Amino acid sequence: MREQQRMVLGATLAAHLRAGSTYNTGVTVARPAAAYHDEARWQAERSLLAGSVPVVVALSGQLAHPGDFATFDLPRLPTLTVRGEDGVARVFVNACRHRGVQLTEEACGHAGRVLVCPFHAWSYRSDGSLAAIPDAEGFADLDPSTLGLVELPSLERHGFVWLRPGDLTGYLGAALDDELASYGLDSWRAFRSVAIDVPANWKLFYETFLEFYHGVYLHRATLAHLMQRNLVHFDRLGEHWRMAAAKQSLRTVLDDDPARWNVLDHAVVSYDILPNLAVNVHGDHVAVYRILPGDRADRCVWHFTMLTPEAIEPDSKAARYFDRNFDYIVETGREDMAMAASAQRTMAATERVLHGGFEPVLAAFHQRLDAALA
Ligand code: FES
Ligand SMILES: [Fe+2]
């Protein structure tokens, strides 16, 4: 976040705290609960996520060196992203060109110069081209130059590898594009990742990251003591959003000139990049959340990766510090998961849900999905 935006946001949160107010649109929107369990709608959303919008399939921090790879399974489209010897990250369909076996099922790792299929050991270079076929005379009638991995259009930007980016700057909008650039996440490193199955529709779980009204209630045992109660400010950045939730410590700088303190020290700033990405800035680490539909309308997968400004030595003091933060985020995420799962169980018996004045991103998220599916 650039200095000017930091000062404006800091002053806005401080004004809310002084006035005892918070961001509030004053408008409540009702949404049919069917959006969370209707099978046809869920299929359409899956197709949208796998084929029509820019989606983050890997983080630059997972691909620091040539030969590093990351996998990400979109609906009906398993992807494999590999950093080539030339430094370019390329996204491939994660399927061997012989009989379709996935080249790796690991979330990320280092393959070295070639990736070897576990079935019959066909091997591929990091640029996707076929390196070798064992006992190649069995395929003598084929041209090896046509047997490289199938590459998909992608672009690495702001520390993320975007599948089908199209006009990514246009998609993000100039304001968000510049703000993401300001963090320099391209050079940050993935410290740890986890993928957790959640028994709820993907939207119900994603929505828990899009508001902080629930913060001190649901998370009373985990993060409530760190945060101000429902003191949040939202800014719309193009089609996406920045949400800033004030920490208790905001009180300590309340009377100081906002030019003399950094709002990132006194608020958790998150970017809600529709349709399924949330990036939370916690000062010395960044939490990246990607929520994907699962194999049923009432299932989803939570992908969480923690980024740190530099590589962390295993078993070091820093590693223990970041491990504690990672576990803490998972613990609070499980509290959100329980709510999403509980709401999921009532959806078929419920007519509608309400998105109120403190939940502007939820209303915008649904409008946007409706428009994309229309
Ligand atoms: S399926 Fe990969 S080598 Fe046979
Ligand atoms: Fe939460």
# chains A, B, ... in the order shown; residues from 1 in each chain; ligands from 1
>>> residues_around(residues="region 189-195 of chain A", least_positions_apart="2", cutoff="6 Å", atoms="only C-alpha atoms", output="list in words")
Gly61, Gln62, Trp302, His303, Phe304, Thr305, Met306, Leu307, Thr308, Glu310 and Ala311 of chain A
>>> residues_near_ligand(ligand="ligand 1", cutoff="12 Å", atoms="only C-alpha atoms and all ligand atoms", output="ChimeraX atom specification")
/A:94-104,115-124,130-136,138-139,147-149
>>> closest_residue(among="A:Arg125, A:His355, A:Arg90, A:Arg220", to="ligand 2", atoms="only C-alpha atoms and all ligand atoms")
A:Arg220
>>> select_by_dssp(residues="region 141-250 of chain A", states="alpha helix (DSSP H)", output="list in words")
Leu168, Thr169, Gly170, Tyr171, Leu172, Ala174, Ala175, Leu176, Asp177, Asp178, Glu179, Leu180, Ala181, Ser182, Trp202, Lys203, Leu204, Phe205, Tyr206, Glu207, Gly215, Val216, Tyr217 and Leu218 of chain A
>>> residues_near_ligand(ligand="ligand 2", cutoff="12 Å", atoms="only C-alpha atoms and all ligand atoms", output="PyMOL selection string")
chain A and resi 204-224+245+280+328-340
>>> write_last_selection(atoms="C-alpha atoms", output="PDB file, in the first residue's frame")
ATOM      1  CA  LEU A 204     -20.474 -19.773   2.229  1.00  0.00           C
ATOM      2  CA  PHE A 205     -16.881 -20.330   3.276  1.00  0.00           C
ATOM      3  CA  TYR A 206     -15.387 -17.603   1.057  1.00  0.00           C
ATOM      4  CA  GLU A 207     -17.861 -15.128   2.528  1.00  0.00           C
ATOM      5  CA  THR A 208     -16.361 -15.607   5.993  1.00  0.00           C
ATOM      6  CA  PHE A 209     -13.260 -13.814   4.664  1.00  0.00           C
ATOM      7  CA  LEU A 210     -15.275 -10.956   3.168  1.00  0.00           C
ATOM      8  CA  GLU A 211     -16.600  -9.373   6.368  1.00  0.00           C
ATOM      9  CA  PHE A 212     -15.398  -8.840   9.923  1.00  0.00           C
ATOM     10  CA  TYR A 213     -18.747  -8.244  11.620  1.00  0.00           C
ATOM     11  CA  HIS A 214     -18.349 -11.728  13.129  1.00  0.00           C
ATOM     12  CA  GLY A 215     -14.781 -11.090  14.274  1.00  0.00           C
ATOM     13  CA  VAL A 216     -15.080 -10.598  18.014  1.00  0.00           C
ATOM     14  CA  TYR A 217     -18.124 -12.863  18.371  1.00  0.00           C
ATOM     15  CA  LEU A 218     -17.169 -16.020  16.533  1.00  0.00           C
ATOM     16  CA  HIS A 219     -13.448 -15.611  17.201  1.00  0.00           C
ATOM     17  CA  ARG A 220     -13.801 -14.604  20.845  1.00  0.00           C
ATOM     18  CA  ALA A 221     -11.359 -17.297  21.976  1.00  0.00           C
ATOM     19  CA  THR A 222      -8.792 -16.704  19.228  1.00  0.00           C
ATOM     20  CA  LEU A 223      -8.413 -13.201  17.855  1.00  0.00           C
ATOM     21  CA  ALA A 224     -11.054 -11.056  19.590  1.00  0.00           C
ATOM     22  CA  ALA A 245     -10.130  -4.301  10.378  1.00  0.00           C
ATOM     23  CA  ASN A 280      -4.498 -10.801   4.123  1.00  0.00           C
ATOM     24  CA  TYR A 328      -3.300 -19.775  14.642  1.00  0.00           C
ATOM     25  CA  ILE A 329      -4.736 -18.826  11.240  1.00  0.00           C
ATOM     26  CA  VAL A 330      -5.827 -22.428  10.669  1.00  0.00           C
ATOM     27  CA  GLU A 331      -7.449 -22.481  14.115  1.00  0.00           C
ATOM     28  CA  THR A 332      -9.454 -19.309  13.416  1.00  0.00           C
ATOM     29  CA  GLY A 333     -10.222 -20.640   9.926  1.00  0.00           C
ATOM     30  CA  ARG A 334     -11.707 -23.755  11.518  1.00  0.00           C
ATOM     31  CA  GLU A 335     -14.056 -21.524  13.493  1.00  0.00           C
ATOM     32  CA  ASP A 336     -15.184 -19.957  10.191  1.00  0.00           C
ATOM     33  CA  MET A 337     -15.477 -23.428   8.630  1.00  0.00           C
ATOM     34  CA  ALA A 338     -17.801 -24.568  11.419  1.00  0.00           C
ATOM     35  CA  MET A 339     -20.119 -21.633  10.682  1.00  0.00           C
ATOM     36  CA  ALA A 340     -20.101 -22.285   6.935  1.00  0.00           C
TER      37      ALA A 340
END
>>> decode(residues="region 68-169 of chain A", atoms="C-alpha atoms", output="PDB file, in the first residue's frame")
ATOM      1  CA  ASP A  68      10.194 -25.722  -8.772  1.00  0.00           C
ATOM      2  CA  PHE A  69       6.571 -26.671  -9.344  1.00  0.00           C
ATOM      3  CA  ALA A  70       3.129 -26.226  -7.815  1.00  0.00           C
ATOM      4  CA  THR A  71      -0.093 -28.087  -8.570  1.00  0.00           C
ATOM      5  CA  PHE A  72      -3.627 -26.777  -8.245  1.00  0.00           C
ATOM      6  CA  ASP A  73      -6.753 -28.724  -9.153  1.00  0.00           C
ATOM      7  CA  LEU A  74      -9.440 -26.548 -10.650  1.00  0.00           C
ATOM      8  CA  PRO A  75     -12.802 -28.227 -11.315  1.00  0.00           C
ATOM      9  CA  ARG A  76     -12.133 -30.821 -14.037  1.00  0.00           C
ATOM     10  CA  LEU A  77      -8.777 -29.173 -14.730  1.00  0.00           C
ATOM     11  CA  PRO A  78      -5.722 -30.259 -12.732  1.00  0.00           C
ATOM     12  CA  THR A  79      -2.905 -27.763 -13.324  1.00  0.00           C
ATOM     13  CA  LEU A  80       0.858 -27.968 -12.921  1.00  0.00           C
ATOM     14  CA  THR A  81       2.924 -24.774 -12.857  1.00  0.00           C
ATOM     15  CA  VAL A  82       6.683 -25.099 -13.389  1.00  0.00           C
ATOM     16  CA  ARG A  83       9.473 -22.515 -13.289  1.00  0.00           C
ATOM     17  CA  GLY A  84      11.569 -23.086 -16.406  1.00  0.00           C
ATOM     18  CA  GLU A  85      15.348 -22.824 -16.755  1.00  0.00           C
ATOM     19  CA  ASP A  86      14.647 -19.463 -18.427  1.00  0.00           C
ATOM     20  CA  GLY A  87      12.908 -18.188 -15.291  1.00  0.00           C
ATOM     21  CA  VAL A  88       9.430 -18.250 -16.851  1.00  0.00           C
ATOM     22  CA  ALA A  89       6.599 -19.867 -14.878  1.00  0.00           C
ATOM     23  CA  ARG A  90       4.386 -21.921 -17.218  1.00  0.00           C
ATOM     24  CA  VAL A  91       1.046 -23.541 -16.479  1.00  0.00           C
ATOM     25  CA  PHE A  92       0.295 -26.965 -17.948  1.00  0.00           C
ATOM     26  CA  VAL A  93      -2.544 -29.448 -17.780  1.00  0.00           C
ATOM     27  CA  ASN A  94      -1.188 -31.847 -15.148  1.00  0.00           C
ATOM     28  CA  ALA A  95      -1.612 -34.891 -17.374  1.00  0.00           C
ATOM     29  CA  CYS A  96       0.972 -37.089 -19.039  1.00  0.00           C
ATOM     30  CA  ARG A  97       0.603 -37.152 -22.824  1.00  0.00           C
ATOM     31  CA  HIS A  98       0.815 -40.967 -22.825  1.00  0.00           C
ATOM     32  CA  ARG A  99      -2.224 -42.117 -20.830  1.00  0.00           C
ATOM     33  CA  GLY A 100      -3.078 -39.101 -18.753  1.00  0.00           C
ATOM     34  CA  VAL A 101      -1.589 -39.853 -15.344  1.00  0.00           C
ATOM     35  CA  GLN A 102      -0.858 -36.777 -13.232  1.00  0.00           C
ATOM     36  CA  LEU A 103       2.861 -36.063 -13.295  1.00  0.00           C
ATOM     37  CA  THR A 104       2.787 -35.290  -9.602  1.00  0.00           C
ATOM     38  CA  GLU A 105       0.146 -35.105  -6.903  1.00  0.00           C
ATOM     39  CA  GLU A 106       2.340 -33.087  -4.548  1.00  0.00           C
ATOM     40  CA  ALA A 107       1.137 -29.546  -3.807  1.00  0.00           C
ATOM     41  CA  CYS A 108       4.586 -28.127  -4.552  1.00  0.00           C
ATOM     42  CA  GLY A 109       8.203 -29.173  -4.710  1.00  0.00           C
ATOM     43  CA  HIS A 110      11.356 -29.256  -6.817  1.00  0.00           C
ATOM     44  CA  ALA A 111      11.560 -31.489  -9.866  1.00  0.00           C
ATOM     45  CA  GLY A 112      15.038 -30.644 -11.103  1.00  0.00           C
ATOM     46  CA  ARG A 113      15.651 -30.697 -14.838  1.00  0.00           C
ATOM     47  CA  VAL A 114      12.883 -33.134 -15.787  1.00  0.00           C
ATOM     48  CA  LEU A 115       9.515 -34.257 -14.473  1.00  0.00           C
ATOM     49  CA  VAL A 116       9.076 -38.009 -14.738  1.00  0.00           C
ATOM     50  CA  CYS A 117       5.666 -39.627 -15.033  1.00  0.00           C
ATOM     51  CA  PRO A 118       5.302 -42.322 -12.351  1.00  0.00           C
ATOM     52  CA  PHE A 119       3.490 -44.766 -14.715  1.00  0.00           C
ATOM     53  CA  HIS A 120       5.876 -45.500 -17.641  1.00  0.00           C
ATOM     54  CA  ALA A 121       8.507 -42.828 -16.944  1.00  0.00           C
ATOM     55  CA  TRP A 122       7.917 -40.499 -19.865  1.00  0.00           C
ATOM     56  CA  SER A 123       9.843 -37.371 -18.872  1.00  0.00           C
ATOM     57  CA  TYR A 124       9.273 -33.698 -19.572  1.00  0.00           C
ATOM     58  CA  ARG A 125      11.545 -30.663 -19.379  1.00  0.00           C
ATOM     59  CA  SER A 126      10.578 -27.675 -17.251  1.00  0.00           C
ATOM     60  CA  ASP A 127       9.378 -25.862 -20.391  1.00  0.00           C
ATOM     61  CA  GLY A 128       6.909 -28.727 -20.927  1.00  0.00           C
ATOM     62  CA  SER A 129       8.631 -30.318 -23.916  1.00  0.00           C
ATOM     63  CA  LEU A 130       8.982 -34.102 -23.997  1.00  0.00           C
ATOM     64  CA  ALA A 131      12.491 -35.140 -22.877  1.00  0.00           C
ATOM     65  CA  ALA A 132      12.380 -38.909 -23.339  1.00  0.00           C
ATOM     66  CA  ILE A 133      10.197 -41.977 -23.805  1.00  0.00           C
ATOM     67  CA  PRO A 134      11.653 -45.190 -22.376  1.00  0.00           C
ATOM     68  CA  ASP A 135      11.775 -47.945 -25.037  1.00  0.00           C
ATOM     69  CA  ALA A 136      10.787 -45.309 -27.580  1.00  0.00           C
ATOM     70  CA  GLU A 137      10.481 -47.863 -30.423  1.00  0.00           C
ATOM     71  CA  GLY A 138       6.966 -48.588 -29.084  1.00  0.00           C
ATOM     72  CA  PHE A 139       5.960 -45.110 -30.272  1.00  0.00           C
ATOM     73  CA  ALA A 140       8.170 -44.863 -33.358  1.00  0.00           C
ATOM     74  CA  ASP A 141       5.267 -43.606 -35.465  1.00  0.00           C
ATOM     75  CA  LEU A 142       4.848 -40.439 -33.352  1.00  0.00           C
ATOM     76  CA  ASP A 143       6.685 -37.125 -33.581  1.00  0.00           C
ATOM     77  CA  PRO A 144       8.100 -36.387 -30.085  1.00  0.00           C
ATOM     78  CA  SER A 145       7.912 -32.640 -30.722  1.00  0.00           C
ATOM     79  CA  THR A 146       4.085 -32.927 -30.603  1.00  0.00           C
ATOM     80  CA  LEU A 147       4.076 -34.721 -27.253  1.00  0.00           C
ATOM     81  CA  GLY A 148       4.916 -31.886 -24.865  1.00  0.00           C
ATOM     82  CA  LEU A 149       2.633 -31.050 -21.960  1.00  0.00           C
ATOM     83  CA  VAL A 150      -0.395 -28.984 -22.922  1.00  0.00           C
ATOM     84  CA  GLU A 151       0.335 -25.398 -21.937  1.00  0.00           C
ATOM     85  CA  LEU A 152      -2.412 -23.017 -20.810  1.00  0.00           C
ATOM     86  CA  PRO A 153      -2.303 -19.214 -21.106  1.00  0.00           C
ATOM     87  CA  SER A 154      -0.934 -17.645 -17.938  1.00  0.00           C
ATOM     88  CA  LEU A 155       0.806 -14.593 -16.555  1.00  0.00           C
ATOM     89  CA  GLU A 156       2.954 -14.121 -13.457  1.00  0.00           C
ATOM     90  CA  ARG A 157       2.211 -10.814 -11.771  1.00  0.00           C
ATOM     91  CA  HIS A 158       2.362  -9.436  -8.219  1.00  0.00           C
ATOM     92  CA  GLY A 159       3.600 -12.746  -6.823  1.00  0.00           C
ATOM     93  CA  PHE A 160       0.788 -14.818  -8.350  1.00  0.00           C
ATOM     94  CA  VAL A 161       0.545 -16.991 -11.438  1.00  0.00           C
ATOM     95  CA  TRP A 162      -2.803 -16.248 -13.051  1.00  0.00           C
ATOM     96  CA  LEU A 163      -4.429 -18.748 -15.373  1.00  0.00           C
ATOM     97  CA  ARG A 164      -6.201 -17.263 -18.394  1.00  0.00           C
ATOM     98  CA  PRO A 165      -5.258 -13.711 -17.418  1.00  0.00           C
ATOM     99  CA  GLY A 166      -6.722 -11.954 -20.469  1.00  0.00           C
ATOM    100  CA  ASP A 167      -6.336  -8.240 -19.760  1.00  0.00           C
ATOM    101  CA  LEU A 168      -5.278  -8.782 -16.130  1.00  0.00           C
ATOM    102  CA  THR A 169      -4.602  -5.112 -15.395  1.00  0.00           C
TER     103      THR A 169
END
